[in-house]
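Heads up, final35.cif below (mmCIF, N, CA and C atoms):
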data_structure
loop_
_atom_site.label_atom_id
_atom_site.label_comp_id
_atom_site.auth_asym_id
_atom_site.auth_seq_id
_atom_site.Cartn_x
_atom_site.Cartn_y
_atom_site.Cartn_z
N MET A 7 24.85 -1.74 -36.24
CA MET A 7 23.71 -1.76 -35.37
C MET A 7 24.17 -2.13 -33.96
N ASP A 8 23.71 -1.37 -32.96
CA ASP A 8 24.11 -1.64 -31.58
C ASP A 8 23.41 -2.87 -31.04
N PRO A 9 24.14 -3.69 -30.28
CA PRO A 9 23.47 -4.85 -29.67
C PRO A 9 22.52 -4.39 -28.57
N GLU A 10 21.49 -5.19 -28.33
CA GLU A 10 20.55 -4.88 -27.26
C GLU A 10 21.23 -5.05 -25.92
N PRO A 11 20.87 -4.20 -24.92
CA PRO A 11 21.48 -4.34 -23.60
C PRO A 11 21.10 -5.68 -22.97
N VAL A 12 22.05 -6.25 -22.26
CA VAL A 12 21.83 -7.53 -21.59
C VAL A 12 21.42 -7.26 -20.15
N LEU A 13 20.29 -7.83 -19.73
CA LEU A 13 19.84 -7.67 -18.36
C LEU A 13 20.33 -8.84 -17.53
N SER A 14 20.98 -8.53 -16.45
CA SER A 14 21.43 -9.58 -15.53
C SER A 14 20.59 -9.51 -14.27
N ALA A 15 20.76 -10.47 -13.40
CA ALA A 15 20.05 -10.47 -12.12
C ALA A 15 20.39 -9.23 -11.33
N ALA A 16 21.64 -8.77 -11.40
CA ALA A 16 22.06 -7.57 -10.68
C ALA A 16 21.34 -6.34 -11.20
N ASN A 17 21.16 -6.22 -12.52
CA ASN A 17 20.47 -5.07 -13.10
C ASN A 17 19.01 -5.03 -12.69
N THR A 18 18.34 -6.17 -12.66
CA THR A 18 16.92 -6.17 -12.30
C THR A 18 16.73 -5.87 -10.82
N GLU A 19 17.69 -6.23 -9.97
CA GLU A 19 17.59 -5.93 -8.54
C GLU A 19 17.68 -4.43 -8.30
N ILE A 20 18.46 -3.72 -9.09
CA ILE A 20 18.62 -2.28 -8.92
C ILE A 20 17.31 -1.57 -9.20
N SER A 21 16.58 -1.99 -10.23
CA SER A 21 15.35 -1.30 -10.61
C SER A 21 14.16 -1.66 -9.73
N ARG A 22 14.27 -2.72 -8.95
CA ARG A 22 13.16 -3.16 -8.10
C ARG A 22 13.30 -2.54 -6.72
N ALA A 23 12.21 -1.95 -6.23
CA ALA A 23 12.23 -1.31 -4.91
C ALA A 23 12.40 -2.35 -3.82
N ARG A 24 13.10 -1.98 -2.77
CA ARG A 24 13.30 -2.89 -1.64
C ARG A 24 11.97 -3.15 -0.96
N ARG A 25 11.70 -4.42 -0.68
CA ARG A 25 10.46 -4.82 -0.01
C ARG A 25 10.74 -5.11 1.45
N TYR A 26 9.78 -4.71 2.28
CA TYR A 26 9.88 -4.94 3.71
C TYR A 26 8.75 -5.87 4.11
N GLU A 27 9.09 -6.95 4.78
CA GLU A 27 8.09 -7.92 5.22
C GLU A 27 7.38 -7.38 6.45
N ILE A 28 6.34 -6.61 6.21
CA ILE A 28 5.57 -5.97 7.27
C ILE A 28 4.15 -6.52 7.19
N GLY A 29 3.74 -7.17 8.25
CA GLY A 29 2.38 -7.70 8.31
C GLY A 29 1.54 -6.80 9.19
N THR A 30 0.71 -6.00 8.58
CA THR A 30 -0.16 -5.09 9.31
C THR A 30 -1.54 -5.08 8.66
N VAL A 31 -2.53 -4.72 9.41
CA VAL A 31 -3.89 -4.63 8.87
C VAL A 31 -3.94 -3.47 7.87
N ILE A 32 -4.57 -3.74 6.75
CA ILE A 32 -4.74 -2.71 5.72
C ILE A 32 -6.21 -2.63 5.35
N ARG A 33 -6.69 -1.42 5.18
CA ARG A 33 -8.05 -1.20 4.68
C ARG A 33 -7.91 -0.72 3.25
N TYR A 34 -8.72 -1.26 2.35
CA TYR A 34 -8.62 -0.88 0.94
C TYR A 34 -10.01 -0.89 0.31
N ARG A 35 -10.11 -0.16 -0.78
CA ARG A 35 -11.35 -0.15 -1.56
C ARG A 35 -11.03 0.28 -2.98
N ALA A 36 -11.88 -0.17 -3.90
CA ALA A 36 -11.78 0.32 -5.27
C ALA A 36 -12.22 1.78 -5.23
N ARG A 37 -11.53 2.64 -5.99
CA ARG A 37 -11.90 4.06 -5.99
C ARG A 37 -13.35 4.20 -6.42
N GLY A 38 -14.06 5.05 -5.70
CA GLY A 38 -15.47 5.27 -5.97
C GLY A 38 -16.38 4.47 -5.07
N GLU A 39 -15.86 3.41 -4.44
CA GLU A 39 -16.66 2.63 -3.50
C GLU A 39 -16.68 3.33 -2.16
N ARG A 40 -17.73 3.14 -1.40
CA ARG A 40 -17.83 3.72 -0.06
C ARG A 40 -17.29 2.77 1.00
N GLU A 41 -17.49 1.47 0.79
CA GLU A 41 -17.14 0.47 1.80
C GLU A 41 -15.66 0.09 1.72
N TRP A 42 -15.01 0.08 2.90
CA TRP A 42 -13.62 -0.36 3.02
C TRP A 42 -13.61 -1.85 3.30
N HIS A 43 -12.61 -2.55 2.80
CA HIS A 43 -12.41 -3.97 3.05
C HIS A 43 -11.08 -4.12 3.79
N GLU A 44 -10.97 -5.19 4.58
CA GLU A 44 -9.74 -5.40 5.34
C GLU A 44 -8.93 -6.56 4.78
N GLY A 45 -7.63 -6.43 4.94
CA GLY A 45 -6.70 -7.48 4.57
C GLY A 45 -5.46 -7.34 5.43
N LEU A 46 -4.44 -8.12 5.13
CA LEU A 46 -3.16 -8.03 5.81
C LEU A 46 -2.08 -7.82 4.77
N THR A 47 -1.14 -6.93 5.07
CA THR A 47 -0.02 -6.75 4.15
C THR A 47 0.96 -7.90 4.34
N GLU A 48 1.53 -8.37 3.24
CA GLU A 48 2.59 -9.37 3.31
C GLU A 48 3.94 -8.69 3.16
N ASN A 49 4.00 -7.72 2.26
CA ASN A 49 5.21 -6.90 2.14
C ASN A 49 4.84 -5.55 1.55
N ILE A 50 5.69 -4.58 1.84
CA ILE A 50 5.46 -3.20 1.42
C ILE A 50 6.77 -2.64 0.88
N SER A 51 6.69 -1.86 -0.17
CA SER A 51 7.84 -1.13 -0.68
C SER A 51 7.39 0.30 -0.97
N ILE A 52 8.32 1.13 -1.36
CA ILE A 52 7.98 2.51 -1.70
C ILE A 52 7.07 2.56 -2.93
N SER A 53 7.08 1.51 -3.75
CA SER A 53 6.32 1.52 -4.99
C SER A 53 5.10 0.60 -5.00
N GLY A 54 4.92 -0.22 -3.94
CA GLY A 54 3.79 -1.12 -3.98
C GLY A 54 3.57 -1.87 -2.68
N VAL A 55 2.48 -2.64 -2.67
CA VAL A 55 2.11 -3.42 -1.49
C VAL A 55 1.49 -4.73 -1.95
N LEU A 56 1.77 -5.81 -1.19
CA LEU A 56 1.16 -7.09 -1.45
C LEU A 56 0.20 -7.36 -0.30
N ILE A 57 -1.08 -7.57 -0.65
CA ILE A 57 -2.16 -7.71 0.33
C ILE A 57 -2.72 -9.12 0.26
N ARG A 58 -2.99 -9.72 1.43
CA ARG A 58 -3.73 -10.98 1.49
C ARG A 58 -5.12 -10.65 2.01
N SER A 59 -6.15 -11.12 1.28
CA SER A 59 -7.51 -10.74 1.61
C SER A 59 -8.48 -11.85 1.22
N GLU A 60 -9.70 -11.71 1.67
CA GLU A 60 -10.77 -12.64 1.28
C GLU A 60 -11.50 -12.15 0.03
N ARG A 61 -11.03 -11.06 -0.55
CA ARG A 61 -11.67 -10.45 -1.71
C ARG A 61 -10.64 -10.26 -2.81
N SER A 62 -11.05 -10.42 -4.03
CA SER A 62 -10.19 -10.24 -5.18
C SER A 62 -10.56 -8.95 -5.91
N LEU A 63 -9.61 -8.32 -6.55
CA LEU A 63 -9.87 -7.17 -7.40
C LEU A 63 -9.23 -7.41 -8.76
N ASP A 64 -9.87 -6.95 -9.80
CA ASP A 64 -9.35 -7.13 -11.15
C ASP A 64 -8.14 -6.25 -11.40
N PRO A 65 -7.18 -6.73 -12.22
CA PRO A 65 -6.05 -5.89 -12.61
C PRO A 65 -6.53 -4.57 -13.23
N LYS A 66 -5.76 -3.54 -13.01
CA LYS A 66 -6.02 -2.17 -13.49
C LYS A 66 -7.09 -1.45 -12.69
N THR A 67 -7.65 -2.08 -11.65
CA THR A 67 -8.63 -1.41 -10.80
C THR A 67 -7.93 -0.33 -9.98
N ALA A 68 -8.45 0.89 -10.02
CA ALA A 68 -7.91 1.97 -9.19
C ALA A 68 -8.27 1.65 -7.74
N ILE A 69 -7.31 1.83 -6.83
CA ILE A 69 -7.49 1.40 -5.45
C ILE A 69 -6.99 2.48 -4.49
N GLU A 70 -7.65 2.57 -3.34
CA GLU A 70 -7.22 3.42 -2.23
C GLU A 70 -6.91 2.51 -1.05
N MET A 71 -5.85 2.83 -0.31
CA MET A 71 -5.41 1.98 0.80
C MET A 71 -5.04 2.83 2.00
N ARG A 72 -5.29 2.28 3.20
CA ARG A 72 -4.91 2.95 4.45
C ARG A 72 -4.35 1.90 5.39
N PHE A 73 -3.21 2.20 6.00
CA PHE A 73 -2.64 1.28 6.99
C PHE A 73 -1.76 2.07 7.95
N PHE A 74 -1.58 1.50 9.15
CA PHE A 74 -0.70 2.09 10.14
C PHE A 74 0.69 1.50 10.01
N LEU A 75 1.68 2.35 10.09
CA LEU A 75 3.04 1.86 10.17
C LEU A 75 3.21 1.17 11.51
N PRO A 76 3.90 0.06 11.57
CA PRO A 76 4.02 -0.67 12.84
C PRO A 76 5.12 -0.13 13.75
N VAL A 77 5.44 1.15 13.61
CA VAL A 77 6.45 1.78 14.47
C VAL A 77 5.72 2.48 15.60
N GLU A 78 6.12 2.21 16.82
CA GLU A 78 5.46 2.82 17.97
C GLU A 78 6.38 3.83 18.64
N LEU A 79 5.79 4.95 19.01
CA LEU A 79 6.49 5.98 19.77
C LEU A 79 5.64 6.26 21.00
N ASP A 80 6.18 6.05 22.18
CA ASP A 80 5.45 6.27 23.43
C ASP A 80 4.11 5.53 23.44
N GLY A 81 4.08 4.31 22.88
CA GLY A 81 2.87 3.51 22.91
C GLY A 81 1.85 3.87 21.85
N GLU A 82 2.12 4.85 21.01
CA GLU A 82 1.20 5.26 19.96
C GLU A 82 1.81 4.96 18.59
N TYR A 83 0.96 4.64 17.62
CA TYR A 83 1.47 4.46 16.26
C TYR A 83 1.98 5.79 15.74
N ALA A 84 3.07 5.74 15.00
CA ALA A 84 3.68 6.96 14.49
C ALA A 84 2.84 7.61 13.41
N ALA A 85 2.28 6.83 12.50
CA ALA A 85 1.55 7.44 11.39
C ALA A 85 0.65 6.44 10.70
N GLU A 86 -0.41 6.97 10.13
CA GLU A 86 -1.24 6.19 9.23
C GLU A 86 -0.88 6.65 7.82
N VAL A 87 -0.79 5.70 6.90
CA VAL A 87 -0.44 6.00 5.52
C VAL A 87 -1.68 5.85 4.67
N PHE A 88 -1.91 6.82 3.78
CA PHE A 88 -2.99 6.76 2.81
C PHE A 88 -2.35 6.70 1.43
N CYS A 89 -2.76 5.73 0.61
CA CYS A 89 -2.17 5.56 -0.72
C CYS A 89 -3.25 5.43 -1.78
N ARG A 90 -2.90 5.85 -2.98
CA ARG A 90 -3.72 5.60 -4.16
C ARG A 90 -2.84 4.91 -5.18
N GLY A 91 -3.45 4.00 -5.91
CA GLY A 91 -2.70 3.28 -6.93
C GLY A 91 -3.63 2.43 -7.76
N PHE A 92 -3.11 1.31 -8.26
CA PHE A 92 -3.94 0.40 -9.04
C PHE A 92 -3.44 -1.03 -8.86
N VAL A 93 -4.34 -1.96 -9.10
CA VAL A 93 -4.04 -3.38 -8.95
C VAL A 93 -3.20 -3.85 -10.13
N ILE A 94 -2.09 -4.51 -9.83
CA ILE A 94 -1.24 -5.10 -10.86
C ILE A 94 -1.73 -6.51 -11.18
N ARG A 95 -1.96 -7.28 -10.11
CA ARG A 95 -2.45 -8.64 -10.28
C ARG A 95 -3.19 -9.09 -9.02
N SER A 96 -4.03 -10.09 -9.19
CA SER A 96 -4.76 -10.68 -8.08
C SER A 96 -4.81 -12.17 -8.34
N SER A 97 -4.45 -12.96 -7.33
CA SER A 97 -4.45 -14.40 -7.54
C SER A 97 -5.00 -15.12 -6.32
N LYS A 98 -5.62 -16.26 -6.59
CA LYS A 98 -6.22 -17.09 -5.54
C LYS A 98 -5.11 -17.85 -4.82
N CYS A 99 -5.21 -17.92 -3.49
CA CYS A 99 -4.24 -18.65 -2.67
C CYS A 99 -4.75 -20.06 -2.39
N ARG A 100 -3.83 -20.99 -2.28
CA ARG A 100 -4.22 -22.35 -1.92
C ARG A 100 -4.47 -22.46 -0.43
N ILE A 101 -3.64 -21.76 0.36
CA ILE A 101 -3.74 -21.83 1.82
C ILE A 101 -3.67 -20.41 2.36
N PRO A 102 -4.56 -19.96 3.20
CA PRO A 102 -5.83 -20.62 3.51
C PRO A 102 -6.80 -20.50 2.34
N VAL A 103 -7.64 -21.50 2.23
CA VAL A 103 -8.62 -21.56 1.15
C VAL A 103 -9.53 -20.35 1.24
N GLY A 104 -9.87 -19.79 0.09
CA GLY A 104 -10.79 -18.65 0.05
C GLY A 104 -10.10 -17.31 0.20
N THR A 105 -8.77 -17.29 0.15
CA THR A 105 -8.05 -16.01 0.24
C THR A 105 -7.37 -15.70 -1.09
N PHE A 106 -7.03 -14.44 -1.25
CA PHE A 106 -6.40 -13.95 -2.47
C PHE A 106 -5.21 -13.08 -2.09
N THR A 107 -4.25 -12.97 -3.00
CA THR A 107 -3.22 -11.94 -2.86
C THR A 107 -3.49 -10.89 -3.93
N ILE A 108 -3.37 -9.65 -3.53
CA ILE A 108 -3.56 -8.51 -4.42
C ILE A 108 -2.26 -7.72 -4.42
N ALA A 109 -1.64 -7.61 -5.57
CA ALA A 109 -0.44 -6.79 -5.71
C ALA A 109 -0.88 -5.44 -6.26
N ALA A 110 -0.57 -4.36 -5.52
CA ALA A 110 -1.00 -3.03 -5.93
C ALA A 110 0.20 -2.11 -6.09
N LYS A 111 0.23 -1.34 -7.14
CA LYS A 111 1.25 -0.32 -7.39
C LYS A 111 0.81 0.95 -6.70
N ILE A 112 1.71 1.58 -5.96
CA ILE A 112 1.41 2.85 -5.29
C ILE A 112 1.83 3.99 -6.21
N MET A 113 0.86 4.85 -6.53
CA MET A 113 1.12 6.01 -7.39
C MET A 113 1.24 7.30 -6.58
N HIS A 114 0.56 7.37 -5.44
CA HIS A 114 0.56 8.56 -4.59
C HIS A 114 0.38 8.10 -3.15
N SER A 115 1.12 8.70 -2.23
CA SER A 115 0.92 8.36 -0.82
C SER A 115 1.16 9.59 0.04
N ARG A 116 0.56 9.56 1.21
CA ARG A 116 0.81 10.63 2.18
C ARG A 116 0.67 10.05 3.58
N PHE A 117 1.34 10.66 4.53
CA PHE A 117 1.30 10.24 5.91
C PHE A 117 0.25 11.07 6.65
N LEU A 118 -0.59 10.39 7.41
CA LEU A 118 -1.58 11.05 8.25
C LEU A 118 -1.09 10.93 9.68
N ARG A 119 -0.74 12.04 10.31
CA ARG A 119 -0.25 12.02 11.69
C ARG A 119 -1.42 12.22 12.64
N GLN A 120 -1.53 11.36 13.62
CA GLN A 120 -2.64 11.45 14.56
C GLN A 120 -2.46 12.64 15.49
N MET A 121 -3.52 13.45 15.61
CA MET A 121 -3.50 14.62 16.50
C MET A 121 -4.38 14.39 17.72
N GLY A 122 -5.39 13.60 17.58
CA GLY A 122 -6.36 13.40 18.66
C GLY A 122 -7.60 12.81 18.05
N SER A 123 -8.69 12.84 18.77
CA SER A 123 -9.91 12.20 18.29
C SER A 123 -10.63 13.02 17.22
N ARG A 124 -10.27 14.28 17.03
CA ARG A 124 -11.01 15.13 16.09
C ARG A 124 -10.43 15.17 14.68
N GLY A 125 -9.18 14.80 14.50
CA GLY A 125 -8.65 14.88 13.15
C GLY A 125 -7.21 14.45 13.05
N TYR A 126 -6.65 14.62 11.89
CA TYR A 126 -5.28 14.25 11.60
C TYR A 126 -4.62 15.41 10.88
N VAL A 127 -3.29 15.43 10.92
CA VAL A 127 -2.54 16.35 10.09
C VAL A 127 -1.98 15.54 8.93
N ALA A 128 -2.22 15.98 7.72
CA ALA A 128 -1.70 15.29 6.56
C ALA A 128 -0.39 15.94 6.15
N LYS A 129 0.64 15.12 5.97
CA LYS A 129 1.93 15.60 5.48
C LYS A 129 1.93 15.37 3.98
N ASP A 130 1.92 16.44 3.22
CA ASP A 130 1.86 16.35 1.78
C ASP A 130 2.94 17.26 1.23
N SER A 131 3.88 16.71 0.49
CA SER A 131 5.01 17.49 0.00
C SER A 131 4.59 18.60 -0.95
N MET A 132 3.43 18.46 -1.59
CA MET A 132 2.96 19.48 -2.52
C MET A 132 2.27 20.64 -1.81
N ASN A 133 1.53 20.34 -0.75
CA ASN A 133 0.69 21.36 -0.12
C ASN A 133 1.05 21.68 1.33
N GLY A 134 2.08 21.06 1.87
CA GLY A 134 2.42 21.29 3.27
C GLY A 134 1.46 20.57 4.19
N ASN A 135 1.33 21.05 5.43
CA ASN A 135 0.46 20.41 6.41
C ASN A 135 -0.98 20.87 6.19
N ARG A 136 -1.90 19.93 6.29
CA ARG A 136 -3.33 20.25 6.22
C ARG A 136 -4.04 19.45 7.27
N ARG A 137 -4.98 20.05 7.96
CA ARG A 137 -5.78 19.33 8.95
C ARG A 137 -6.95 18.67 8.24
N LEU A 138 -7.13 17.38 8.51
CA LEU A 138 -8.21 16.63 7.87
C LEU A 138 -9.15 16.11 8.93
N ALA A 139 -10.43 16.20 8.68
CA ALA A 139 -11.42 15.59 9.57
C ALA A 139 -11.80 14.26 8.92
N LEU A 140 -11.41 13.17 9.55
CA LEU A 140 -11.67 11.85 8.98
C LEU A 140 -12.63 11.08 9.85
#
Turn this file's structure into structure tokens for me.
Amino acid sequence: MDPEPVLSAANTEISRARRYEIGTVIRYRARGEREWHEGLTENISISGVLIRSERSLDPKTAIEMRFFLPVELDGEYAAEVFCRGFVIRSSKCRIPVGTFTIAAKIMHSRFLRQMGSRGYVAKDSMNGNRRLAL
């Protein structure tokens, strides 16, 4: 009988996506809701986001998120990101009182490039560029 593989700290680091400590405003909502809620990102990776908010969401809740990348080109934000995923966990914070952290897994994302006041161009690897009226 083969022995079970041994997981070391090095092995777990390889499977975990690199996190970037980016603090930016994020708008999120449970899928199906009309109202957006605001929070701040604590860190972001290709596979997930950690949000600090005044609202909690239950684990497994399907979630939609929108935030601007904090990269500026000629004084304008480079892109807005739209993501869909689900809540992994939500926990109450001690400081500041009345806040929560929401860890969300990103299942799908796309970049929304600003074109002007009338719409955005969505970059979607499956469908190419599409103009969206938001």
Requested in this report: Would you mind reading off the distance between atom CA of A:Glu86 and atom N of A:Met71, one decimal, in Å?
Outcome: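 About the pair atom CA of A:Glu86 and atom N of A:Met71: they are 11.1 Å apart.
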Query raised in the report: Using the chain letters and numbers from the file, which residues does the PyMOL selection byres ((chain A and resi 97-113) around 5) grab, as JSON, numbers by chain?
Result: {"A": [53, 54, 55, 56, 57, 58, 59, 60, 90, 91, 92, 93, 94, 95, 96, 114, 115]}
Report summary line: Students should find that atom CA of A:Tyr26 and atom CA of A:Glu48 are spaced 8.5 Å
Query raised in the report: Nearest to A:Leu118 among A:Arg40, A:Phe88, A:Phe74, A:Leu46, with distances taken over only N, CA and C atoms: which residue is it?
Result: A:Phe88
Query raised in the report: Quick one, how far is atom C of A:Arg35 from atom CA of A:Glu70?
Result: 5.0 Å
Would you compute, for all listed atoms of stretch 89-102 of chain A, the axis-aligned bounding box grown by 4 Å on each side, and then report its centre and edge lengths in Å rounded to one decimal, as lines of an AutoDock Vina configuration file?
center_x = -4.0
center_y = -8.3
center_z = -3.8
size_x = 13.6
size_y = 36.3
size_z = 22.7
Requested in this report: Can you work out which one of A:Arg116, A:Arg37, A:Arg24, A:Thr30 has the shortest atom-to-atom distance to A:Thr67, counting only C-alpha atoms?
Outcome: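 Using only C-alpha atoms, A:Thr67 sits closest to A:Arg37.
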